[in-house]
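Right, one structure below, let's go through it.
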Amino acid sequence: MTTPVNDQSPPPAMALDLNGVTIEVNAVADTPLLWVLREQAGLAGTRFGCGMALCGACTVHVNGEPVRSCVTPVSTVVGKRVVTIEGLAGPMADALRTTWVSNDVPQCGYCQSGQIMSAAALLATTPKPTDADIDRAMDGNVCRCGTYPRIRAAIKAAATLLETGSA
């Protein structure tokens with residue numbers, strides 16, 4: 001006679017550097033980072049869109065790089081810096097938020113956190129982006145409302161604010 005194995009043991013604890021704070025989460029290694037952010041960390045700014053890394057709504061920064069959290073296993077970010085829209089701060093964040101509003105970018109708003117996270121990553125590496133730079137960086141960020149020209153204008157305006165120190 002064999003004893004049944006209990007498959008209900010809790011998942012292992014993992015420490016995440018999230019928005020500059022170390023938090024402990026319990027998740028199976030391949031759980032998408034998106035679900036850990038929303039369900040365990042309570043950060044709802046990162047959105048679920050497609051679940052296949054095609055729309056960009058779930059974009060966060062991992063060590064400064066934009067990644068799609070819907071397909072990023074939580075175990076792959078242990079020991080790395082994860083920043084969500086809630087943790088985006090400083091002159092870059094201020095410039096983007098200001099220009100997003102002044103250029104009337106948000107319509108429904110669903111994609112905006114992913115758009116801003118991608119734009120912030122671009123401006124961090126390319127302070128004076130061309131249209132081609134913006135198109136490359138924002139490729140894969142879908143806006144169903146079609147505000148792409150306003151997104152481009154807002155990114156350029158944010159770059160100017162950052163360059164002049166007005167942010």
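Starting from 1 in every chain, residues are counted up; chains themselves are A, B, ... following the order of the structure tokens, and ligands are numbered from 1 as listed.
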
Identify, on the basis of only C-alpha atoms, every residue whose closest approach to segment 18-25 of chain A does not exceed 6 Å; exclude the query and any residue fewer than 2 positions from it along the same chain; express the result as number ranges by chain. A: 13-16, 82-83, 87

Could you please take those selected residues and save all heavy atoms as an mmCIF file, in the first residue's frame?
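What ended up in part-v4.cif:
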data_model
loop_
_atom_site.group_PDB
_atom_site.id
_atom_site.type_symbol
_atom_site.label_atom_id
_atom_site.label_comp_id
_atom_site.auth_asym_id
_atom_site.auth_seq_id
_atom_site.Cartn_x
_atom_site.Cartn_y
_atom_site.Cartn_z
ATOM 1 N N ALA A 13 8.731 30.619 -1.942
ATOM 2 C CA ALA A 13 8.793 32.078 -1.814
ATOM 3 C C ALA A 13 9.938 32.597 -2.669
ATOM 4 O O ALA A 13 10.995 31.974 -2.765
ATOM 5 C CB ALA A 13 8.990 32.473 -0.360
ATOM 6 N N MET A 14 9.694 33.733 -3.310
ATOM 7 C CA MET A 14 10.717 34.404 -4.109
ATOM 8 C C MET A 14 10.762 35.861 -3.688
ATOM 9 O O MET A 14 9.715 36.473 -3.460
ATOM 10 C CB MET A 14 10.375 34.343 -5.596
ATOM 11 C CG MET A 14 10.461 32.978 -6.214
ATOM 12 S SD MET A 14 10.014 33.034 -7.959
ATOM 13 C CE MET A 14 8.448 32.190 -7.867
ATOM 14 N N ALA A 15 11.970 36.417 -3.623
ATOM 15 C CA ALA A 15 12.123 37.837 -3.300
ATOM 16 C C ALA A 15 12.248 38.607 -4.610
ATOM 17 O O ALA A 15 13.065 38.261 -5.470
ATOM 18 C CB ALA A 15 13.350 38.054 -2.433
ATOM 19 N N LEU A 16 11.414 39.637 -4.763
ATOM 20 C CA LEU A 16 11.460 40.481 -5.955
ATOM 21 C C LEU A 16 11.798 41.907 -5.563
ATOM 22 O O LEU A 16 11.279 42.422 -4.572
ATOM 23 C CB LEU A 16 10.104 40.492 -6.667
ATOM 24 C CG LEU A 16 9.551 39.201 -7.214
ATOM 25 C CD1 LEU A 16 8.239 39.473 -7.942
ATOM 26 C CD2 LEU A 16 10.541 38.536 -8.144
ATOM 27 N N VAL A 82 12.624 45.356 -11.026
ATOM 28 C CA VAL A 82 11.367 45.429 -11.774
ATOM 29 C C VAL A 82 10.710 46.763 -11.427
ATOM 30 O O VAL A 82 10.558 47.096 -10.255
ATOM 31 C CB VAL A 82 10.418 44.261 -11.416
ATOM 32 C CG1 VAL A 82 9.095 44.392 -12.158
ATOM 33 C CG2 VAL A 82 11.082 42.921 -11.707
ATOM 34 N N VAL A 83 10.352 47.528 -12.465
ATOM 35 C CA VAL A 83 9.659 48.797 -12.257
ATOM 36 C C VAL A 83 8.367 48.755 -13.065
ATOM 37 O O VAL A 83 8.380 48.444 -14.258
ATOM 38 C CB VAL A 83 10.515 50.010 -12.693
ATOM 39 C CG1 VAL A 83 9.735 51.312 -12.544
ATOM 40 C CG2 VAL A 83 11.809 50.064 -11.889
ATOM 41 N N GLY A 87 5.808 52.636 -10.157
ATOM 42 C CA GLY A 87 7.144 52.952 -9.646
ATOM 43 C C GLY A 87 7.941 53.890 -10.533
ATOM 44 O O GLY A 87 9.040 54.303 -10.162
#

Excluding same-chain residues fewer than 2 positions from Pro66 of chain A, what lies within 9 Å of it counting only C-alpha atoms, as a PDB file with N, CA, C and O atoms, in the first residue's frame?
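Final file, out-v2.pdb:
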ATOM      1  N   THR A  59       3.582  46.037 -20.398  1.00  0.00           N
ATOM      2  CA  THR A  59       5.007  46.383 -20.387  1.00  0.00           C
ATOM      3  C   THR A  59       5.450  46.939 -19.040  1.00  0.00           C
ATOM      4  O   THR A  59       4.820  47.834 -18.477  1.00  0.00           O
ATOM      5  N   VAL A  60       6.551  46.386 -18.530  1.00  0.00           N
ATOM      6  CA  VAL A  60       7.231  46.862 -17.333  1.00  0.00           C
ATOM      7  C   VAL A  60       8.720  46.938 -17.676  1.00  0.00           C
ATOM      8  O   VAL A  60       9.141  46.492 -18.743  1.00  0.00           O
ATOM      9  N   HIS A  61       9.506  47.498 -16.782  1.00  0.00           N
ATOM     10  CA  HIS A  61      10.955  47.514 -16.972  1.00  0.00           C
ATOM     11  C   HIS A  61      11.589  46.450 -16.089  1.00  0.00           C
ATOM     12  O   HIS A  61      11.241  46.334 -14.911  1.00  0.00           O
ATOM     13  N   VAL A  62      12.507  45.697 -16.665  1.00  0.00           N
ATOM     14  CA  VAL A  62      13.331  44.762 -15.908  1.00  0.00           C
ATOM     15  C   VAL A  62      14.770  45.180 -16.172  1.00  0.00           C
ATOM     16  O   VAL A  62      15.227  45.153 -17.326  1.00  0.00           O
ATOM     17  N   ASN A  63      15.429  45.632 -15.123  1.00  0.00           N
ATOM     18  CA  ASN A  63      16.775  46.202 -15.244  1.00  0.00           C
ATOM     19  C   ASN A  63      16.829  47.281 -16.325  1.00  0.00           C
ATOM     20  O   ASN A  63      17.771  47.360 -17.099  1.00  0.00           O
ATOM     21  N   GLY A  64      15.774  48.081 -16.395  1.00  0.00           N
ATOM     22  CA  GLY A  64      15.728  49.205 -17.313  1.00  0.00           C
ATOM     23  C   GLY A  64      15.256  48.892 -18.715  1.00  0.00           C
ATOM     24  O   GLY A  64      15.049  49.797 -19.516  1.00  0.00           O
ATOM     25  N   ARG A  68       7.540  42.400 -21.714  1.00  0.00           N
ATOM     26  CA  ARG A  68       6.118  42.077 -21.645  1.00  0.00           C
ATOM     27  C   ARG A  68       5.920  41.117 -20.485  1.00  0.00           C
ATOM     28  O   ARG A  68       6.336  39.960 -20.526  1.00  0.00           O
ATOM     29  N   MET A 117       5.609  53.167 -20.344  1.00  0.00           N
ATOM     30  CA  MET A 117       6.787  52.387 -19.964  1.00  0.00           C
ATOM     31  C   MET A 117       7.712  52.190 -21.161  1.00  0.00           C
ATOM     32  O   MET A 117       8.940  52.284 -21.027  1.00  0.00           O
ATOM     33  N   SER A 118       7.165  51.944 -22.338  1.00  0.00           N
ATOM     34  CA  SER A 118       7.999  51.801 -23.540  1.00  0.00           C
ATOM     35  C   SER A 118       8.649  53.129 -23.902  1.00  0.00           C
ATOM     36  O   SER A 118       9.827  53.176 -24.265  1.00  0.00           O
ATOM     37  N   ALA A 120       9.395  55.589 -21.845  1.00  0.00           N
ATOM     38  CA  ALA A 120      10.426  55.888 -20.848  1.00  0.00           C
ATOM     39  C   ALA A 120      11.711  55.120 -21.145  1.00  0.00           C
ATOM     40  O   ALA A 120      12.818  55.670 -21.026  1.00  0.00           O
ATOM     41  N   ALA A 121      11.583  53.863 -21.539  1.00  0.00           N
ATOM     42  CA  ALA A 121      12.768  53.077 -21.880  1.00  0.00           C
ATOM     43  C   ALA A 121      13.479  53.678 -23.093  1.00  0.00           C
ATOM     44  O   ALA A 121      14.707  53.748 -23.132  1.00  0.00           O
ATOM     45  N   LEU A 122      12.707  54.133 -24.070  1.00  0.00           N
ATOM     46  CA  LEU A 122      13.297  54.776 -25.245  1.00  0.00           C
ATOM     47  C   LEU A 122      14.059  56.028 -24.838  1.00  0.00           C
ATOM     48  O   LEU A 122      15.229  56.207 -25.213  1.00  0.00           O
TER      49      LEU A 122
END

Which of chain A end up as strand (DSSP E) when DSSP is run on this backbone - answer as a short mmCIF file (atom, residue, chain, number, x, y, z; two decimals) with N, CA and C atoms, in the first residue's frame?
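The result, stored in out.cif:
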data_model
loop_
_atom_site.label_atom_id
_atom_site.label_comp_id
_atom_site.auth_asym_id
_atom_site.auth_seq_id
_atom_site.Cartn_x
_atom_site.Cartn_y
_atom_site.Cartn_z
N ALA A 13 8.73 30.62 -1.94
CA ALA A 13 8.79 32.08 -1.81
C ALA A 13 9.94 32.60 -2.67
N MET A 14 9.69 33.73 -3.31
CA MET A 14 10.72 34.40 -4.11
C MET A 14 10.76 35.86 -3.69
N ALA A 15 11.97 36.42 -3.62
CA ALA A 15 12.12 37.84 -3.30
C ALA A 15 12.25 38.61 -4.61
N LEU A 16 11.41 39.64 -4.76
CA LEU A 16 11.46 40.48 -5.95
C LEU A 16 11.80 41.91 -5.56
N ASP A 17 12.66 42.54 -6.36
CA ASP A 17 12.94 43.97 -6.21
C ASP A 17 11.90 44.67 -7.08
N LEU A 18 10.85 45.17 -6.45
CA LEU A 18 9.72 45.75 -7.17
C LEU A 18 9.57 47.22 -6.80
N VAL A 21 11.51 48.31 -3.77
CA VAL A 21 11.23 47.66 -2.49
C VAL A 21 11.31 46.15 -2.70
N THR A 22 11.94 45.45 -1.77
CA THR A 22 11.98 43.99 -1.86
C THR A 22 10.71 43.44 -1.25
N ILE A 23 10.02 42.63 -2.05
CA ILE A 23 8.81 41.97 -1.56
C ILE A 23 8.98 40.47 -1.73
N GLU A 24 8.26 39.71 -0.94
CA GLU A 24 8.29 38.27 -1.06
C GLU A 24 6.97 37.81 -1.66
N VAL A 25 7.07 36.97 -2.68
CA VAL A 25 5.88 36.44 -3.32
C VAL A 25 5.96 34.92 -3.32
N ASN A 26 4.81 34.29 -3.36
CA ASN A 26 4.74 32.84 -3.46
C ASN A 26 4.08 32.51 -4.78
N THR A 59 3.58 46.04 -20.40
CA THR A 59 5.01 46.38 -20.39
C THR A 59 5.45 46.94 -19.04
N VAL A 60 6.55 46.39 -18.53
CA VAL A 60 7.23 46.86 -17.33
C VAL A 60 8.72 46.94 -17.68
N HIS A 61 9.51 47.50 -16.78
CA HIS A 61 10.95 47.51 -16.97
C HIS A 61 11.59 46.45 -16.09
N VAL A 62 12.51 45.70 -16.67
CA VAL A 62 13.33 44.76 -15.91
C VAL A 62 14.77 45.18 -16.17
N GLU A 65 15.06 47.64 -19.02
CA GLU A 65 14.62 47.22 -20.35
C GLU A 65 13.12 46.96 -20.34
N PRO A 66 12.41 47.39 -21.39
CA PRO A 66 10.97 47.09 -21.44
C PRO A 66 10.75 45.61 -21.74
N VAL A 67 9.90 44.97 -20.95
CA VAL A 67 9.56 43.56 -21.19
C VAL A 67 8.06 43.41 -21.06
N ARG A 68 7.54 42.40 -21.71
CA ARG A 68 6.12 42.08 -21.65
C ARG A 68 5.92 41.12 -20.48
N ARG A 81 15.88 44.29 -11.07
CA ARG A 81 15.01 45.41 -10.70
C ARG A 81 13.79 45.43 -11.62
N VAL A 82 12.62 45.36 -11.03
CA VAL A 82 11.37 45.43 -11.77
C VAL A 82 10.71 46.76 -11.43
N VAL A 83 10.35 47.53 -12.47
CA VAL A 83 9.66 48.80 -12.26
C VAL A 83 8.37 48.75 -13.07
#

What is the atom CA of Ser69 of chain A-atom CA of Thr125 of chain A distance in Å, reported with one decimal? 20.7 Å

Would you mind telling me which residue in A:Val77, A:Ile134, A:Cys58, A:Cys143 lies nearest to Gly114 of chain A when using only C-alpha atoms?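 Among A:Val77, A:Ile134, A:Cys58, A:Cys143, it is A:Cys58 that comes nearest to Gly114 of chain A.
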
Taking the DSSP assignment computed from this structure's backbone, write out as a ChimeraX atom specification all residues of segment 41-104 of chain A that belong to helix (DSSP H, G or I). /A:74-77,85-87,91-102

Residues from last step as file, all heavy atoms, as a compact mmCIF listing (two decimals), in the first residue's frame:
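Everything below was put into again.txt:
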# COMPACT_ATOMS: atom_id res chain seq x y z
N VAL A 74 7.92 34.70 -13.58
CA VAL A 74 8.36 35.45 -12.41
C VAL A 74 9.74 35.01 -11.95
O VAL A 74 10.54 35.84 -11.50
CB VAL A 74 7.32 35.37 -11.26
CG1 VAL A 74 7.21 33.96 -10.71
CG2 VAL A 74 7.63 36.39 -10.17
N SER A 75 10.06 33.76 -12.11
CA SER A 75 11.37 33.26 -11.65
C SER A 75 12.53 33.92 -12.40
O SER A 75 13.63 34.00 -11.87
CB SER A 75 11.44 31.75 -11.80
OG SER A 75 11.30 31.38 -13.16
N THR A 76 12.29 34.42 -13.61
CA THR A 76 13.37 35.03 -14.39
C THR A 76 13.71 36.45 -13.95
O THR A 76 14.71 37.00 -14.40
CB THR A 76 13.06 35.03 -15.90
OG1 THR A 76 11.95 35.91 -16.14
CG2 THR A 76 12.78 33.63 -16.41
N VAL A 77 12.90 37.03 -13.07
CA VAL A 77 13.19 38.40 -12.62
C VAL A 77 13.73 38.45 -11.20
O VAL A 77 14.03 39.53 -10.69
CB VAL A 77 11.97 39.34 -12.78
CG1 VAL A 77 11.53 39.39 -14.23
CG2 VAL A 77 10.83 38.96 -11.86
N ILE A 85 4.47 50.88 -13.82
CA ILE A 85 4.02 52.25 -14.00
C ILE A 85 3.89 52.96 -12.65
O ILE A 85 4.17 54.15 -12.54
CB ILE A 85 2.69 52.31 -14.81
CG1 ILE A 85 2.35 53.75 -15.23
CG2 ILE A 85 1.55 51.65 -14.05
CD1 ILE A 85 3.23 54.32 -16.28
N GLU A 86 3.52 52.23 -11.61
CA GLU A 86 3.39 52.84 -10.28
C GLU A 86 4.74 53.28 -9.72
O GLU A 86 4.80 54.19 -8.90
CB GLU A 86 2.74 51.85 -9.29
CG GLU A 86 1.31 51.52 -9.58
CD GLU A 86 1.12 50.30 -10.49
OE1 GLU A 86 2.11 49.85 -11.11
OE2 GLU A 86 -0.01 49.80 -10.58
N GLY A 87 5.81 52.64 -10.16
CA GLY A 87 7.14 52.95 -9.65
C GLY A 87 7.94 53.89 -10.53
O GLY A 87 9.04 54.30 -10.16
N PRO A 91 12.19 62.94 -13.17
CA PRO A 91 11.97 63.84 -14.30
C PRO A 91 11.41 63.15 -15.54
O PRO A 91 10.56 63.72 -16.23
CB PRO A 91 13.36 64.43 -14.57
CG PRO A 91 14.08 64.31 -13.28
CD PRO A 91 13.55 63.06 -12.63
N MET A 92 11.86 61.94 -15.82
CA MET A 92 11.36 61.21 -16.99
C MET A 92 9.85 60.98 -16.87
O MET A 92 9.08 61.25 -17.78
CB MET A 92 12.07 59.87 -17.12
CG MET A 92 11.54 58.99 -18.22
SD MET A 92 12.24 59.42 -19.79
CE MET A 92 13.95 59.00 -19.49
N ALA A 93 9.46 60.46 -15.72
CA ALA A 93 8.04 60.18 -15.50
C ALA A 93 7.23 61.47 -15.54
O ALA A 93 6.16 61.52 -16.15
CB ALA A 93 7.84 59.48 -14.16
N ASP A 94 7.75 62.52 -14.92
CA ASP A 94 7.05 63.81 -14.92
C ASP A 94 6.87 64.35 -16.33
O ASP A 94 5.80 64.82 -16.69
CB ASP A 94 7.79 64.83 -14.06
CG ASP A 94 7.82 64.45 -12.58
OD1 ASP A 94 7.00 63.62 -12.15
OD2 ASP A 94 8.68 64.99 -11.87
N ALA A 95 7.95 64.27 -17.12
CA ALA A 95 7.88 64.78 -18.50
C ALA A 95 6.88 63.99 -19.32
O ALA A 95 6.07 64.57 -20.06
CB ALA A 95 9.27 64.71 -19.15
N LEU A 96 6.90 62.68 -19.21
CA LEU A 96 5.96 61.86 -19.98
C LEU A 96 4.51 62.10 -19.56
O LEU A 96 3.63 62.25 -20.40
CB LEU A 96 6.32 60.38 -19.87
CG LEU A 96 7.55 59.97 -20.68
CD1 LEU A 96 8.04 58.59 -20.28
CD2 LEU A 96 7.27 60.03 -22.17
N ARG A 97 4.27 62.16 -18.28
CA ARG A 97 2.90 62.38 -17.82
C ARG A 97 2.38 63.74 -18.27
O ARG A 97 1.24 63.87 -18.72
CB ARG A 97 2.82 62.24 -16.30
CG ARG A 97 2.94 60.78 -15.87
CD ARG A 97 2.81 60.61 -14.37
NE ARG A 97 3.00 59.21 -14.03
CZ ARG A 97 4.02 58.76 -13.30
NH1 ARG A 97 4.92 59.58 -12.81
NH2 ARG A 97 4.13 57.46 -13.04
N THR A 98 3.24 64.76 -18.16
CA THR A 98 2.86 66.11 -18.58
C THR A 98 2.53 66.16 -20.07
O THR A 98 1.49 66.69 -20.48
CB THR A 98 4.00 67.11 -18.26
OG1 THR A 98 4.17 67.15 -16.85
CG2 THR A 98 3.69 68.50 -18.79
N THR A 99 3.41 65.59 -20.88
CA THR A 99 3.20 65.67 -22.33
C THR A 99 2.09 64.73 -22.80
O THR A 99 1.43 65.02 -23.80
CB THR A 99 4.50 65.39 -23.11
OG1 THR A 99 4.98 64.07 -22.80
CG2 THR A 99 5.57 66.43 -22.74
N TRP A 100 1.88 63.65 -22.09
CA TRP A 100 0.77 62.75 -22.43
C TRP A 100 -0.56 63.51 -22.30
O TRP A 100 -1.42 63.44 -23.16
CB TRP A 100 0.78 61.53 -21.50
CG TRP A 100 0.86 60.22 -22.21
CD1 TRP A 100 -0.10 59.27 -22.25
CD2 TRP A 100 1.95 59.70 -22.98
NE1 TRP A 100 0.32 58.18 -22.98
CE2 TRP A 100 1.58 58.42 -23.44
CE3 TRP A 100 3.21 60.18 -23.33
CZ2 TRP A 100 2.41 57.62 -24.23
CZ3 TRP A 100 4.04 59.39 -24.11
CH2 TRP A 100 3.64 58.13 -24.55
N VAL A 101 -0.67 64.27 -21.22
CA VAL A 101 -1.90 65.04 -20.98
C VAL A 101 -1.99 66.21 -21.96
O VAL A 101 -3.04 66.44 -22.57
CB VAL A 101 -1.97 65.52 -19.51
CG1 VAL A 101 -3.11 66.49 -19.31
CG2 VAL A 101 -2.11 64.32 -18.58
N SER A 102 -0.90 66.96 -22.12
CA SER A 102 -0.96 68.15 -22.97
C SER A 102 -1.18 67.82 -24.44
O SER A 102 -1.67 68.65 -25.20
CB SER A 102 0.30 69.01 -22.81
OG SER A 102 1.45 68.32 -23.28

In Å to one decimal, how far is atom CA of Pro11 of chain A from atom CA of Thr46 of chain A?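 The value is 23.2 Å.
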
Residues near Asn103 of chain A, cut-off 10 Å, only C-alpha atoms, skip fewer than 6 positions along chain, as a list in words: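 Here the answer would be Thr147, Pro149, Arg150, Ile151, Arg152, Ala153, Ala154, Ile155 and Ala157 of chain A.
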
Output file for the residues above (all heavy atoms, as a CSV table (one decimal), in the first residue's frame):
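Contents of selection07.csv, as written:
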chain,number,residue,atom,x,y,z
A,147,THR,N,-4.2,56.6,-31.2
A,147,THR,CA,-3.6,57.9,-30.9
A,147,THR,C,-2.1,57.9,-31.2
A,147,THR,O,-1.4,58.7,-30.7
A,147,THR,CB,-3.8,58.2,-29.4
A,147,THR,OG1,-3.1,57.3,-28.6
A,147,THR,CG2,-5.3,58.3,-29.1
A,149,PRO,N,-0.2,59.2,-33.6
A,149,PRO,CA,0.5,60.5,-33.9
A,149,PRO,C,0.6,61.4,-32.6
A,149,PRO,O,1.6,62.0,-32.4
A,149,PRO,CB,-0.5,61.2,-34.9
A,149,PRO,CG,-1.2,60.1,-35.5
A,149,PRO,CD,-1.4,59.1,-34.5
A,150,ARG,N,-0.3,61.3,-31.7
A,150,ARG,CA,-0.2,62.0,-30.4
A,150,ARG,C,0.8,61.4,-29.5
A,150,ARG,O,1.5,62.1,-28.7
A,150,ARG,CB,-1.6,62.1,-29.8
A,150,ARG,CG,-2.5,63.1,-30.5
A,150,ARG,CD,-3.8,63.3,-29.8
A,150,ARG,NE,-4.8,62.3,-30.4
A,150,ARG,CZ,-6.0,62.1,-30.0
A,150,ARG,NH1,-6.4,62.7,-28.9
A,150,ARG,NH2,-6.8,61.2,-30.6
A,151,ILE,N,0.9,60.1,-29.5
A,151,ILE,CA,2.0,59.4,-28.7
A,151,ILE,C,3.3,59.9,-29.2
A,151,ILE,O,4.2,60.2,-28.4
A,151,ILE,CB,1.8,57.9,-28.8
A,151,ILE,CG1,0.6,57.4,-28.1
A,151,ILE,CG2,3.1,57.2,-28.3
A,151,ILE,CD1,0.2,56.0,-28.4
A,152,ARG,N,3.6,59.9,-30.5
A,152,ARG,CA,4.8,60.4,-31.1
A,152,ARG,C,5.1,61.8,-30.7
A,152,ARG,O,6.2,62.2,-30.2
A,152,ARG,CB,4.9,60.2,-32.6
A,152,ARG,CG,6.2,60.7,-33.1
A,152,ARG,CD,6.2,60.7,-34.7
A,152,ARG,NE,6.3,59.3,-35.1
A,152,ARG,CZ,5.8,58.9,-36.3
A,152,ARG,NH1,5.2,59.8,-37.1
A,152,ARG,NH2,6.0,57.7,-36.6
A,153,ALA,N,4.1,62.7,-30.8
A,153,ALA,CA,4.2,64.1,-30.4
A,153,ALA,C,4.6,64.2,-28.9
A,153,ALA,O,5.4,65.0,-28.5
A,153,ALA,CB,3.0,64.9,-30.7
A,154,ALA,N,3.9,63.4,-28.1
A,154,ALA,CA,4.2,63.5,-26.6
A,154,ALA,C,5.6,63.0,-26.3
A,154,ALA,O,6.2,63.6,-25.4
A,154,ALA,CB,3.1,62.6,-25.9
A,155,ILE,N,6.1,62.0,-27.0
A,155,ILE,CA,7.4,61.5,-26.7
A,155,ILE,C,8.4,62.6,-27.1
A,155,ILE,O,9.4,62.9,-26.4
A,155,ILE,CB,7.7,60.2,-27.5
A,155,ILE,CG1,6.9,59.1,-26.9
A,155,ILE,CG2,9.2,59.8,-27.4
A,155,ILE,CD1,6.8,57.8,-27.6
A,157,ALA,N,7.9,65.8,-27.3
A,157,ALA,CA,7.7,66.9,-26.3
A,157,ALA,C,8.4,66.6,-25.0
A,157,ALA,O,9.1,67.4,-24.4
A,157,ALA,CB,6.3,67.3,-26.1

Just want the 10 Å neighbourhood of Tyr110 of chain A, counted on only C-alpha atoms, with same-chain residues fewer than 5 positions away dropped. Output as a ChimeraX atom specification. /A:45-49,57,115,142-145

Could those selected residues go to a file with C-alpha atoms, as a PDB file, in the first residue's frame?
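The resulting file, again-v4.pdb, is shown below:
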ATOM      1  CA  GLY A  45      -1.515  49.661 -13.426  1.00  0.00           C
ATOM      2  CA  THR A  46       0.125  46.953 -15.514  1.00  0.00           C
ATOM      3  CA  ARG A  47      -2.663  45.664 -17.737  1.00  0.00           C
ATOM      4  CA  PHE A  48      -3.557  42.337 -19.282  1.00  0.00           C
ATOM      5  CA  GLY A  49      -4.225  42.741 -22.980  1.00  0.00           C
ATOM      6  CA  ALA A  57      -0.345  46.714 -22.321  1.00  0.00           C
ATOM      7  CA  GLN A 115       2.882  52.980 -23.823  1.00  0.00           C
ATOM      8  CA  VAL A 142      -1.229  48.652 -29.640  1.00  0.00           C
ATOM      9  CA  CYS A 143      -3.603  51.562 -29.118  1.00  0.00           C
ATOM     10  CA  ARG A 144      -7.100  50.611 -30.213  1.00  0.00           C
ATOM     11  CA  CYS A 145      -8.061  54.297 -30.157  1.00  0.00           C
TER      12      CYS A 145
END

Which is closer to Glu163 of chain A than all the others in A:Met138, A:Ala53, A:Ala41, A:Leu123, using only C-alpha atoms?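 Closest residue, counting only C-alpha atoms: A:Leu123.
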
One decimal, Å: what's the distance from atom CA of Leu33 of chain A over to atom CA of Asp139 of chain A, could you say?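 Computed distance, atom CA of Leu33 of chain A to atom CA of Asp139 of chain A, equals 21.2 Å.
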